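Dumped start-v3.cif below, it's mmCIF, C-alpha atoms:
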```
data_start
#
loop_
_atom_site.label_atom_id
_atom_site.label_comp_id
_atom_site.auth_asym_id
_atom_site.auth_seq_id
_atom_site.Cartn_x
_atom_site.Cartn_y
_atom_site.Cartn_z
CA MET C 1 -61.65 219.06 160.88
CA ASP C 2 -59.91 219.02 157.54
CA PHE C 3 -59.24 216.00 155.42
CA ILE C 4 -55.76 214.47 155.38
CA ASP C 5 -53.13 216.92 154.12
CA ILE C 6 -49.55 215.62 153.91
CA ALA C 7 -48.23 219.20 154.02
CA HIS C 8 -49.44 219.50 157.63
CA ILE C 9 -47.57 216.51 159.06
CA GLU C 10 -47.16 218.28 162.41
CA GLY C 11 -50.93 218.02 162.83
CA LEU C 12 -50.59 214.23 162.93
CA LEU C 13 -48.14 214.12 165.84
CA PRO C 14 -50.59 214.54 168.77
CA PHE C 15 -52.87 211.88 167.31
CA ILE C 16 -49.96 209.51 166.66
CA ALA C 17 -49.04 209.84 170.34
CA VAL C 18 -52.62 209.19 171.43
CA GLY C 19 -52.94 206.21 169.09
CA PHE C 20 -49.66 204.73 170.31
CA GLY C 21 -50.52 205.11 173.99
CA ALA C 22 -54.12 203.93 173.61
CA GLN C 23 -53.12 200.83 171.63
CA LEU C 24 -50.28 199.98 174.00
CA ILE C 25 -52.81 199.89 176.85
CA ASP C 26 -55.41 198.10 174.72
CA GLY C 27 -53.03 195.40 173.52
CA ALA C 28 -51.73 194.72 177.03
CA LEU C 29 -55.03 194.92 178.91
CA GLY C 30 -57.66 194.05 176.28
CA MET C 31 -59.41 197.41 176.41
CA ALA C 32 -59.26 201.22 176.20
CA PHE C 33 -58.29 202.11 172.60
CA GLY C 34 -61.83 203.00 171.60
CA VAL C 35 -62.68 204.63 174.92
CA ILE C 36 -59.55 206.82 175.04
CA SER C 37 -59.60 207.75 171.36
CA ASN C 38 -63.33 208.42 171.23
CA THR C 39 -63.19 210.51 174.42
CA LEU C 40 -60.44 212.66 172.89
CA LEU C 41 -62.28 213.20 169.61
CA VAL C 42 -65.70 213.95 171.13
CA SER C 43 -64.91 215.64 174.45
CA VAL C 44 -61.71 217.52 173.56
CA LEU C 45 -61.93 218.19 169.83
CA GLY C 46 -65.71 218.40 169.48
CA VAL C 47 -66.12 215.76 166.77
CA ALA C 48 -69.70 214.52 166.31
CA PRO C 49 -70.22 211.15 168.09
CA ALA C 50 -71.15 209.26 164.91
CA ARG C 51 -68.09 210.54 163.00
CA ALA C 52 -65.80 209.91 165.98
CA SER C 53 -67.04 206.35 166.42
CA ALA C 54 -66.74 205.72 162.68
CA GLY C 55 -63.18 207.07 162.59
CA VAL C 56 -62.07 205.06 165.61
CA HIS C 57 -63.49 201.86 164.15
CA LEU C 58 -61.78 202.46 160.82
CA VAL C 59 -58.47 202.76 162.68
CA GLU C 60 -59.25 199.66 164.74
CA MET C 61 -59.59 197.60 161.58
CA PHE C 62 -55.81 197.85 161.29
CA THR C 63 -54.78 197.99 164.96
CA THR C 64 -56.89 194.95 165.90
CA ALA C 65 -55.49 193.00 162.94
CA ALA C 66 -51.93 193.73 164.05
CA SER C 67 -52.77 193.10 167.71
CA GLY C 68 -54.68 189.86 166.98
CA ILE C 69 -51.81 188.44 164.93
CA SER C 70 -49.33 189.37 167.66
CA HIS C 71 -51.44 187.71 170.36
CA ALA C 72 -51.82 184.58 168.22
CA LEU C 73 -48.05 184.38 167.71
CA HIS C 74 -47.54 184.67 171.48
CA ARG C 75 -50.20 181.95 172.05
CA ASN C 76 -52.49 184.29 173.93
CA VAL C 77 -55.67 183.22 172.04
CA ASP C 78 -58.28 180.68 173.18
CA TRP C 79 -59.74 179.71 169.80
CA LYS C 80 -62.89 178.07 171.22
CA LEU C 81 -63.74 181.23 173.14
CA PHE C 82 -62.82 183.27 170.05
CA GLY C 83 -65.37 181.38 167.93
CA ASN C 84 -68.12 181.86 170.50
CA LEU C 85 -67.54 185.63 170.68
CA VAL C 86 -67.18 186.64 167.04
CA ILE C 87 -70.67 186.07 165.56
CA PRO C 88 -72.67 187.59 168.46
CA GLY C 89 -70.20 190.50 168.55
CA VAL C 90 -70.67 191.21 164.85
CA ILE C 91 -74.48 191.12 165.16
CA GLY C 92 -74.39 193.49 168.13
CA GLY C 93 -71.96 195.78 166.31
CA ILE C 94 -74.25 196.16 163.29
CA ALA C 95 -77.17 197.03 165.55
CA GLY C 96 -75.10 199.55 167.53
CA ALA C 97 -73.74 201.25 164.40
CA TYR C 98 -77.25 201.59 163.01
CA LEU C 99 -78.37 203.15 166.30
CA VAL C 100 -75.61 205.75 166.50
CA VAL C 101 -76.10 206.81 162.88
CA ASN C 102 -79.87 207.23 163.27
CA LEU C 103 -80.46 207.97 166.96
CA ASP C 104 -78.88 209.74 169.96
CA ALA C 105 -77.29 207.16 172.31
CA ALA C 106 -76.12 209.79 174.84
CA VAL C 107 -78.98 208.94 177.20
CA THR C 108 -77.76 205.38 177.84
CA ARG C 109 -74.02 206.16 178.00
CA PRO C 110 -73.96 207.34 181.68
CA PHE C 111 -75.58 204.08 182.79
CA VAL C 112 -73.06 202.01 180.84
CA MET C 113 -70.14 203.98 182.28
CA ALA C 114 -71.47 203.60 185.83
CA TYR C 115 -71.77 199.85 185.32
CA LEU C 116 -68.22 199.59 183.98
CA SER C 117 -66.92 201.59 186.94
CA ILE C 118 -68.44 199.01 189.29
CA ILE C 119 -66.89 196.16 187.28
CA GLY C 120 -63.50 197.90 187.43
CA ILE C 121 -63.69 198.28 191.22
CA THR C 122 -64.63 194.60 191.54
CA LEU C 123 -61.67 193.48 189.41
CA PHE C 124 -59.26 195.75 191.25
CA ALA C 125 -60.41 194.38 194.62
CA ARG C 126 -60.19 190.79 193.37
CA SER C 127 -56.58 191.32 192.21
CA PHE C 128 -55.46 191.53 195.85
CA GLY C 129 -56.98 188.17 196.76
CA ILE C 130 -55.62 184.66 196.34
CA PRO C 131 -55.82 183.60 192.67
CA SER C 132 -58.88 181.39 192.25
CA GLN C 133 -59.14 178.27 190.11
CA ARG C 134 -59.71 179.04 186.44
CA LYS C 135 -63.24 178.44 185.18
CA GLN C 136 -64.90 178.08 181.81
CA PRO C 137 -67.16 181.10 181.21
CA ARG C 138 -70.90 180.37 181.14
CA PHE C 139 -72.12 183.54 179.43
CA ILE C 140 -70.29 184.19 176.17
CA ALA C 141 -72.72 184.81 173.30
CA PRO C 142 -74.90 187.36 175.19
CA LEU C 143 -71.72 189.08 176.34
CA GLY C 144 -70.45 189.32 172.75
CA LEU C 145 -73.80 190.67 171.58
CA VAL C 146 -73.96 193.38 174.24
CA GLY C 147 -70.25 194.22 173.90
CA GLY C 148 -70.50 194.62 170.12
CA PHE C 149 -73.62 196.79 170.43
CA LEU C 150 -72.14 199.10 173.07
CA ASP C 151 -68.83 199.35 171.21
CA ALA C 152 -70.45 200.61 168.03
CA ALA C 153 -73.04 202.80 169.74
CA GLY C 154 -70.60 204.41 172.17
CA GLY C 155 -67.39 204.49 170.12
CA GLY C 156 -65.71 202.03 172.49
CA GLY C 157 -66.76 199.32 174.88
CA TRP C 158 -65.95 195.91 173.40
CA GLY C 159 -62.84 195.44 175.55
CA PRO C 160 -64.18 196.95 178.79
CA VAL C 161 -67.45 195.00 178.62
CA VAL C 162 -66.23 191.66 177.26
CA THR C 163 -62.78 191.40 178.85
CA SER C 164 -63.92 192.54 182.28
CA ASN C 165 -66.96 190.24 182.38
CA LEU C 166 -64.96 187.21 181.24
CA LEU C 167 -62.43 187.91 183.99
CA ILE C 168 -65.26 188.18 186.51
CA GLN C 169 -66.35 184.69 185.39
CA GLY C 170 -62.89 183.34 186.24
CA THR C 171 -61.06 183.10 182.90
CA GLU C 172 -57.27 183.37 182.58
CA PRO C 173 -56.34 187.07 182.08
CA ARG C 174 -53.59 186.60 179.46
CA ARG C 175 -55.63 184.37 177.14
CA THR C 176 -58.79 186.37 177.72
CA ILE C 177 -57.07 189.60 176.69
CA GLY C 178 -55.55 187.98 173.59
CA THR C 179 -58.82 186.35 172.54
CA VAL C 180 -60.90 189.51 172.95
CA ASN C 181 -58.33 191.51 170.94
CA ALA C 182 -58.31 188.93 168.14
CA ALA C 183 -62.12 188.75 167.95
CA GLU C 184 -62.37 192.53 167.86
CA PHE C 185 -60.92 192.65 164.35
CA PHE C 186 -64.03 191.07 162.84
CA LEU C 187 -66.25 193.38 164.87
CA THR C 188 -64.44 196.52 163.72
CA VAL C 189 -64.52 195.49 160.05
CA THR C 190 -68.28 194.93 160.22
CA VAL C 191 -68.96 198.13 162.15
CA SER C 192 -66.76 200.17 159.79
CA ILE C 193 -68.62 198.88 156.74
CA THR C 194 -71.92 199.75 158.42
CA PHE C 195 -70.69 203.28 159.18
CA ILE C 196 -69.38 203.77 155.63
CA ILE C 197 -72.78 202.78 154.25
CA GLY C 198 -74.49 205.24 156.61
CA LEU C 199 -71.99 208.13 156.59
CA GLY C 200 -69.75 207.71 153.54
CA PHE C 201 -66.00 208.23 153.90
CA GLU C 202 -66.20 211.38 156.07
CA ALA C 203 -64.35 209.63 158.91
CA PHE C 204 -60.99 209.73 157.06
CA THR C 205 -59.55 212.82 158.78
CA VAL C 206 -56.14 213.92 160.06
CA ALA C 207 -57.08 212.51 163.46
CA THR C 208 -57.95 209.13 161.94
CA MET C 209 -54.61 208.86 160.13
CA GLY C 210 -52.63 209.86 163.23
CA LEU C 211 -54.43 207.32 165.41
CA LEU C 212 -53.80 204.68 162.75
CA ILE C 213 -50.03 205.27 162.56
CA GLY C 214 -49.56 205.30 166.34
CA GLY C 215 -51.90 202.37 166.94
CA VAL C 216 -50.31 200.01 164.43
CA ALA C 217 -46.83 200.85 165.73
CA ALA C 218 -47.83 199.95 169.31
CA ALA C 219 -49.85 196.78 168.59
CA PRO C 220 -46.99 194.21 168.76
CA LEU C 221 -45.70 195.70 172.03
CA GLY C 222 -49.06 195.32 173.77
CA ALA C 223 -49.22 191.58 173.04
CA LEU C 224 -45.71 191.13 174.43
CA LEU C 225 -46.63 192.98 177.63
CA ALA C 226 -49.72 190.80 178.13
CA LYS C 227 -47.51 187.70 177.96
CA ARG C 228 -44.86 189.01 180.36
CA VAL C 229 -46.92 190.69 183.12
CA ARG C 230 -48.11 188.57 186.09
CA THR C 231 -51.77 187.49 186.23
CA MET C 232 -52.70 189.43 189.37
CA MET C 233 -50.99 192.56 188.06
CA LEU C 234 -52.90 192.27 184.76
CA LEU C 235 -56.15 192.00 186.70
CA ARG C 236 -55.21 195.04 188.79
CA LEU C 237 -54.24 197.13 185.77
CA VAL C 238 -57.46 196.20 183.94
CA GLY C 239 -59.42 197.38 186.96
CA ILE C 240 -57.52 200.69 187.17
CA VAL C 241 -57.92 201.47 183.46
CA LEU C 242 -61.60 200.54 183.55
CA ILE C 243 -62.28 202.74 186.59
CA ALA C 244 -60.33 205.71 185.20
CA THR C 245 -61.87 205.70 181.71
CA SER C 246 -65.39 204.98 182.93
CA VAL C 247 -65.39 207.66 185.65
CA PHE C 248 -63.97 210.26 183.24
CA SER C 249 -66.52 209.37 180.54
CA LEU C 250 -69.29 209.46 183.15
CA TYR C 251 -68.14 212.91 184.28
CA ARG C 252 -68.11 214.21 180.69
CA ALA C 253 -71.53 212.73 180.00
CA LEU C 254 -73.11 214.34 183.07
CA ALA C 255 -71.22 217.66 182.96
#
```
Taking this structure as input, can you express it in the form of C-alpha coordinates?
Amino acid sequence: MDFIDIAHIEGLLPFIAVGFGAQLIDGALGMAFGVISNTLLVSVLGVAPARASAGVHLVEMFTTAASGISHALHRNVDWKLFGNLVIPGVIGGIAGAYLVVNLDAAVTRPFVMAYLSIIGITLFARSFGIPSQRKQPRFIAPLGLVGGFLDAAGGGGWGPVVTSNLLIQGTEPRRTIGTVNAAEFFLTVTVSITFIIGLGFEAFTVATMGLLIGGVAAAPLGALLAKRVRTMMLLRLVGIVLIATSVFSLYRALA
(Lines of atoms letter the chains of each structure in order from A and count residues from 1; the text may use other names and numbers.)
(Lines give C-alpha, C1' and ligand atoms only; values in the text may rest on other atoms or scores of the structure.)
Protein backbone atom coordinates (compact mmCIF):
# COMPACT_ATOMS: atom_id res chain seq x y z
CA MET A 1 0.00 0.00 0.00
CA ASP A 2 1.24 3.47 -0.83
CA PHE A 3 1.68 6.29 1.60
CA ILE A 4 -0.92 9.07 1.74
CA ASP A 5 -1.24 10.90 -1.59
CA ILE A 6 -3.73 13.79 -1.72
CA ALA A 7 -3.92 13.47 -5.51
CA HIS A 8 -5.65 10.10 -5.11
CA ILE A 9 -8.55 11.25 -2.93
CA GLU A 10 -10.86 8.65 -4.50
CA GLY A 11 -8.72 5.98 -2.85
CA LEU A 12 -9.82 7.30 0.54
CA LEU A 13 -13.56 6.92 -0.07
CA PRO A 14 -13.95 3.16 0.64
CA PHE A 15 -11.96 3.50 3.85
CA ILE A 16 -13.92 6.58 4.93
CA ALA A 17 -17.11 4.53 4.53
CA VAL A 18 -15.65 1.64 6.52
CA GLY A 19 -14.39 3.96 9.25
CA PHE A 20 -17.76 5.72 9.49
CA GLY A 21 -19.75 2.49 9.70
CA ALA A 22 -17.35 0.77 12.10
CA GLN A 23 -17.24 3.74 14.47
CA LEU A 24 -21.01 4.22 14.37
CA ILE A 25 -21.40 0.62 15.57
CA ASP A 26 -18.53 0.95 18.05
CA GLY A 27 -19.82 4.17 19.59
CA ALA A 28 -23.34 2.79 19.98
CA LEU A 29 -22.47 -0.73 21.13
CA GLY A 30 -19.02 -0.36 22.73
CA MET A 31 -17.25 -2.63 20.27
CA ALA A 32 -16.38 -3.55 16.67
CA PHE A 33 -14.24 -0.70 15.25
CA GLY A 34 -11.00 -2.59 15.66
CA VAL A 35 -12.48 -5.95 14.67
CA ILE A 36 -14.17 -4.66 11.50
CA SER A 37 -11.29 -2.43 10.42
CA ASN A 38 -8.59 -4.98 11.16
CA THR A 39 -10.54 -7.74 9.38
CA LEU A 40 -10.80 -5.55 6.27
CA LEU A 41 -7.10 -4.65 6.24
CA VAL A 42 -5.78 -8.16 6.90
CA SER A 43 -8.32 -10.46 5.26
CA VAL A 44 -9.41 -8.34 2.27
CA LEU A 45 -6.43 -6.11 1.49
CA GLY A 46 -3.64 -8.40 2.67
CA VAL A 47 -1.98 -5.97 5.08
CA ALA A 48 0.45 -7.62 7.52
CA PRO A 49 -1.19 -8.15 10.96
CA ALA A 50 1.32 -5.98 12.84
CA ARG A 51 0.93 -3.05 10.41
CA ALA A 52 -2.86 -3.42 10.34
CA SER A 53 -3.11 -3.44 14.13
CA ALA A 54 -0.76 -0.46 14.37
CA GLY A 55 -2.76 1.51 11.80
CA VAL A 56 -6.10 0.76 13.45
CA HIS A 57 -4.79 1.83 16.85
CA LEU A 58 -3.39 5.06 15.44
CA VAL A 59 -6.86 5.85 14.07
CA GLU A 60 -8.48 4.86 17.36
CA MET A 61 -6.42 7.46 19.19
CA PHE A 62 -8.66 10.06 17.55
CA THR A 63 -11.95 8.15 17.28
CA THR A 64 -11.88 7.05 20.94
CA ALA A 65 -11.08 10.61 22.04
CA ALA A 66 -14.09 11.95 20.12
CA SER A 67 -16.29 9.06 21.26
CA GLY A 68 -15.20 9.31 24.92
CA ILE A 69 -15.92 13.04 25.05
CA SER A 70 -19.33 12.49 23.45
CA HIS A 71 -20.22 9.75 25.94
CA ALA A 72 -19.10 11.95 28.84
CA LEU A 73 -21.27 14.82 27.61
CA HIS A 74 -24.26 12.46 27.40
CA ARG A 75 -23.48 11.17 30.94
CA ASN A 76 -22.82 7.65 29.73
CA VAL A 77 -19.59 7.21 31.77
CA ASP A 78 -19.22 5.50 35.16
CA TRP A 79 -16.02 7.18 36.38
CA LYS A 80 -15.31 4.64 39.15
CA LEU A 81 -15.46 1.79 36.65
CA PHE A 82 -13.41 3.90 34.22
CA GLY A 83 -10.60 4.29 36.78
CA ASN A 84 -10.52 0.56 37.52
CA LEU A 85 -10.24 -0.35 33.81
CA VAL A 86 -7.64 2.10 32.51
CA ILE A 87 -4.39 1.02 34.22
CA PRO A 88 -4.83 -2.76 33.74
CA GLY A 89 -5.91 -2.11 30.14
CA VAL A 90 -2.80 -0.07 29.41
CA ILE A 91 -0.52 -2.75 30.92
CA GLY A 92 -2.21 -5.47 28.88
CA GLY A 93 -2.02 -3.33 25.74
CA ILE A 94 1.74 -2.85 26.04
CA ALA A 95 2.24 -6.60 26.45
CA GLY A 96 -0.02 -7.38 23.48
CA ALA A 97 1.69 -4.85 21.20
CA TYR A 98 5.09 -6.29 22.08
CA LEU A 99 3.79 -9.78 21.26
CA VAL A 100 2.37 -8.91 17.84
CA VAL A 101 5.53 -7.05 16.81
CA ASN A 102 7.83 -9.91 17.83
CA LEU A 103 5.72 -13.08 17.60
CA ASP A 104 2.89 -14.66 15.57
CA ALA A 105 -0.40 -14.46 17.54
CA ALA A 106 -2.43 -16.26 14.83
CA VAL A 107 -2.41 -19.50 16.83
CA THR A 108 -4.44 -18.05 19.72
CA ARG A 109 -6.86 -15.96 17.63
CA PRO A 110 -9.30 -18.82 16.75
CA PHE A 111 -9.71 -19.65 20.44
CA VAL A 112 -10.42 -16.01 21.31
CA MET A 113 -12.97 -15.71 18.50
CA ALA A 114 -14.72 -18.92 19.57
CA TYR A 115 -14.95 -17.61 23.13
CA LEU A 116 -16.39 -14.28 21.98
CA SER A 117 -18.96 -16.10 19.84
CA ILE A 118 -20.19 -17.92 22.94
CA ILE A 119 -20.37 -14.64 24.88
CA GLY A 120 -22.35 -13.07 22.03
CA ILE A 121 -24.87 -15.93 22.00
CA THR A 122 -25.26 -15.63 25.78
CA LEU A 123 -25.92 -11.88 25.59
CA PHE A 124 -28.36 -12.28 22.72
CA ALA A 125 -30.31 -14.94 24.63
CA ARG A 126 -30.33 -12.83 27.80
CA SER A 127 -31.77 -9.83 25.91
CA PHE A 128 -35.08 -11.68 25.53
CA GLY A 129 -35.45 -12.27 29.27
CA ILE A 130 -36.78 -10.02 32.00
CA PRO A 131 -34.24 -7.29 32.82
CA SER A 132 -32.38 -8.31 35.96
CA GLN A 133 -31.33 -6.04 38.81
CA ARG A 134 -28.15 -4.10 38.07
CA LYS A 135 -25.04 -5.36 39.85
CA GLN A 136 -21.59 -4.00 40.57
CA PRO A 137 -19.02 -5.99 38.56
CA ARG A 138 -16.65 -8.16 40.60
CA PHE A 139 -13.94 -8.75 38.01
CA ILE A 140 -12.67 -5.50 36.51
CA ALA A 141 -8.87 -5.29 36.65
CA PRO A 142 -8.25 -8.80 35.21
CA LEU A 143 -10.81 -8.05 32.52
CA GLY A 144 -9.02 -4.81 31.60
CA LEU A 145 -5.68 -6.60 31.50
CA VAL A 146 -6.91 -9.38 29.21
CA GLY A 147 -8.94 -6.98 27.05
CA GLY A 148 -5.97 -4.66 26.53
CA PHE A 149 -3.67 -7.57 25.68
CA LEU A 150 -6.05 -9.15 23.16
CA ASP A 151 -6.86 -5.77 21.60
CA ALA A 152 -3.23 -5.01 20.81
CA ALA A 153 -2.28 -8.57 19.85
CA GLY A 154 -5.30 -9.15 17.61
CA GLY A 155 -5.94 -5.66 16.23
CA GLY A 156 -9.27 -5.45 18.04
CA GLY A 157 -10.87 -6.95 21.10
CA TRP A 158 -11.07 -4.35 23.87
CA GLY A 159 -14.77 -3.66 23.30
CA PRO A 160 -15.90 -7.24 22.60
CA VAL A 161 -14.02 -8.66 25.60
CA VAL A 162 -14.56 -5.90 28.17
CA THR A 163 -18.04 -4.67 27.24
CA SER A 164 -19.51 -8.14 26.83
CA ASN A 165 -18.06 -9.48 30.08
CA LEU A 166 -19.20 -6.45 32.09
CA LEU A 167 -22.71 -6.91 30.68
CA ILE A 168 -22.59 -10.60 31.64
CA GLN A 169 -21.81 -9.46 35.20
CA GLY A 170 -25.00 -7.37 35.23
CA THR A 171 -23.85 -3.79 34.58
CA GLU A 172 -26.07 -1.18 32.91
CA PRO A 173 -25.54 -1.36 29.10
CA ARG A 174 -25.58 2.39 28.36
CA ARG A 175 -23.04 3.35 31.02
CA THR A 176 -20.94 0.27 30.37
CA ILE A 177 -20.65 1.12 26.67
CA GLY A 178 -19.77 4.75 27.41
CA THR A 179 -17.20 3.84 30.06
CA VAL A 180 -15.45 1.23 27.91
CA ASN A 181 -15.28 3.68 24.99
CA ALA A 182 -13.82 6.42 27.19
CA ALA A 183 -11.20 4.12 28.75
CA GLU A 184 -10.17 2.86 25.32
CA PHE A 185 -8.58 6.20 24.46
CA PHE A 186 -5.77 5.70 26.97
CA LEU A 187 -5.28 2.14 25.78
CA THR A 188 -4.98 3.15 22.12
CA VAL A 189 -2.50 5.95 22.87
CA THR A 190 -0.26 3.55 24.79
CA VAL A 191 -0.51 0.79 22.19
CA SER A 192 0.16 3.23 19.33
CA ILE A 193 3.31 4.52 21.02
CA THR A 194 4.47 0.94 21.53
CA PHE A 195 3.85 0.13 17.85
CA ILE A 196 5.65 3.29 16.68
CA ILE A 197 8.68 2.33 18.77
CA GLY A 198 8.63 -1.18 17.27
CA LEU A 199 7.61 -0.42 13.66
CA GLY A 200 8.22 3.28 13.03
CA PHE A 201 5.60 5.32 11.19
CA GLU A 202 4.84 2.72 8.49
CA ALA A 203 1.20 2.51 9.61
CA PHE A 204 0.33 5.95 8.16
CA THR A 205 -1.20 4.74 4.88
CA VAL A 206 -4.15 5.75 2.69
CA ALA A 207 -6.27 3.22 4.57
CA THR A 208 -5.32 4.74 7.92
CA MET A 209 -6.28 8.25 6.82
CA GLY A 210 -9.61 7.09 5.37
CA LEU A 211 -10.53 5.20 8.53
CA LEU A 212 -9.59 8.26 10.58
CA ILE A 213 -11.83 10.67 8.62
CA GLY A 214 -14.84 8.36 8.67
CA GLY A 215 -14.36 7.31 12.29
CA VAL A 216 -14.10 10.82 13.73
CA ALA A 217 -17.16 11.93 11.76
CA ALA A 218 -19.27 9.08 13.19
CA ALA A 219 -18.08 9.22 16.83
CA PRO A 220 -20.64 11.76 18.17
CA LEU A 221 -23.53 9.89 16.52
CA GLY A 222 -22.64 6.61 18.23
CA ALA A 223 -22.80 8.15 21.71
CA LEU A 224 -26.22 9.63 20.93
CA LEU A 225 -27.52 6.25 19.76
CA ALA A 226 -26.29 4.55 22.95
CA LYS A 227 -28.29 7.06 25.00
CA ARG A 228 -31.50 6.73 22.96
CA VAL A 229 -31.76 2.96 22.34
CA ARG A 230 -33.56 0.78 24.94
CA THR A 231 -31.46 -1.38 27.30
CA MET A 232 -32.69 -4.75 26.04
CA MET A 233 -32.22 -3.70 22.43
CA LEU A 234 -28.65 -2.57 23.18
CA LEU A 235 -27.95 -5.95 24.76
CA ARG A 236 -29.42 -7.71 21.73
CA LEU A 237 -27.45 -5.64 19.24
CA VAL A 238 -24.20 -6.19 21.16
CA GLY A 239 -24.83 -9.92 20.98
CA ILE A 240 -25.54 -9.84 17.23
CA VAL A 241 -22.44 -7.78 16.41
CA LEU A 242 -20.26 -9.96 18.64
CA ILE A 243 -21.53 -13.18 17.04
CA ALA A 244 -21.20 -11.86 13.47
CA THR A 245 -17.67 -10.44 13.82
CA SER A 246 -16.37 -13.37 15.87
CA VAL A 247 -17.76 -16.08 13.56
CA PHE A 248 -16.41 -14.28 10.47
CA SER A 249 -12.97 -13.80 12.05
CA LEU A 250 -12.99 -17.45 13.16
CA TYR A 251 -13.83 -18.54 9.62
CA ARG A 252 -11.00 -16.43 8.16
CA ALA A 253 -8.55 -17.73 10.75
CA LEU A 254 -9.38 -21.38 10.04
CA ALA A 255 -9.84 -21.09 6.25
**Prompt:** Counting all atoms listed in the file, what is within 12 Å of Thr171 in chain C, bar same-chain residues fewer than 2 positions away, as a ChimeraX atom specification?
**Reply:** /C:78,81,131-140,162-169,173-180,231,235
**Message:** Set the distance at 8 Å and use only C-alpha atoms: which residues neighbour Glu184 in chain C once local chain neighbours fewer than 2 positions away are removed? I'd like the list as a list in words.
**Reply:**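 Within the cut-off, the hits are Thr64, Val86, Trp158, Val180, Asn181, Ala182, Phe186, Leu187 and Thr188 of chain C.
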**Item:** Selected residue of minimal separation from Ala226 in chain C among C:His74, C:Leu12, C:Val56, C:Ala17, counting all atoms listed in the file
**Value:** C:His74
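Taking CA of Thr194 in chain C and CA of Arg252 in chain C as the two end points, the separation is 26.8 Å.
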**Message:** Can you tell me which residues surround range 22-33 of chain C at a distance of at most 8 Å, considering only C-alpha atoms, apart from same-chain residues fewer than 5 positions away, and format the answer as an MDAnalysis selection string?
**Reply:** chainID C and resid 63 67 156:160 163 176:178 180:181 214:216 218:226 234 237:238 241:242 245
**Item:** Spatial neighbours of Val146 in chain C, 10 Å, all atoms listed in the file, chain gap at least 5 places, as a ChimeraX atom specification
**Value:** /C:88-89,91-93,95-96,141,151,157-158,161-162
Tell me which protein, DNA and RNA residues are within 10 Å of Val189 in chain C, counting all atoms listed in the file, leaving out same-chain ones fewer than 6 positions away, and put them as an mmCIF file with C-alpha atoms, in the frame of the given file.
```cif
data_model
loop_
_atom_site.group_PDB
_atom_site.id
_atom_site.type_symbol
_atom_site.label_atom_id
_atom_site.label_comp_id
_atom_site.auth_asym_id
_atom_site.auth_seq_id
_atom_site.Cartn_x
_atom_site.Cartn_y
_atom_site.Cartn_z
ATOM 1 C CA HIS C 57 -63.490 201.860 164.150
ATOM 2 C CA LEU C 58 -61.780 202.460 160.820
ATOM 3 C CA VAL C 59 -58.470 202.760 162.680
ATOM 4 C CA GLU C 60 -59.250 199.660 164.740
ATOM 5 C CA MET C 61 -59.590 197.600 161.580
ATOM 6 C CA PHE C 62 -55.810 197.850 161.290
ATOM 7 C CA THR C 64 -56.890 194.950 165.900
ATOM 8 C CA ALA C 65 -55.490 193.000 162.940
ATOM 9 C CA VAL C 90 -70.670 191.210 164.850
ATOM 10 C CA GLY C 93 -71.960 195.780 166.310
ATOM 11 C CA PHE C 195 -70.690 203.280 159.180
#
```
**Item:** Straight-line distance linking CA of Val77 in chain C with CA of Ala54 in chain C, stated in Å to one decimal
**Value:**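 Those two atoms sit 26.8 Å apart.
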**Prompt:** Between C:Trp79, C:Leu85, C:Gly55, C:Glu172, which has the minimum distance to Arg230 in chain C (counting all atoms listed in the file)?
**Reply:**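 For Arg230 in chain C, the nearest of the given residues is C:Glu172.
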**Message:** I'd like the interatomic distance between CA of Lys80 in chain C and CA of Phe149 in chain C, to a tenth of an Å.
**Reply:**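 Computing the Euclidean distance for CA of Lys80 in chain C and CA of Phe149 in chain C yields 21.6 Å.
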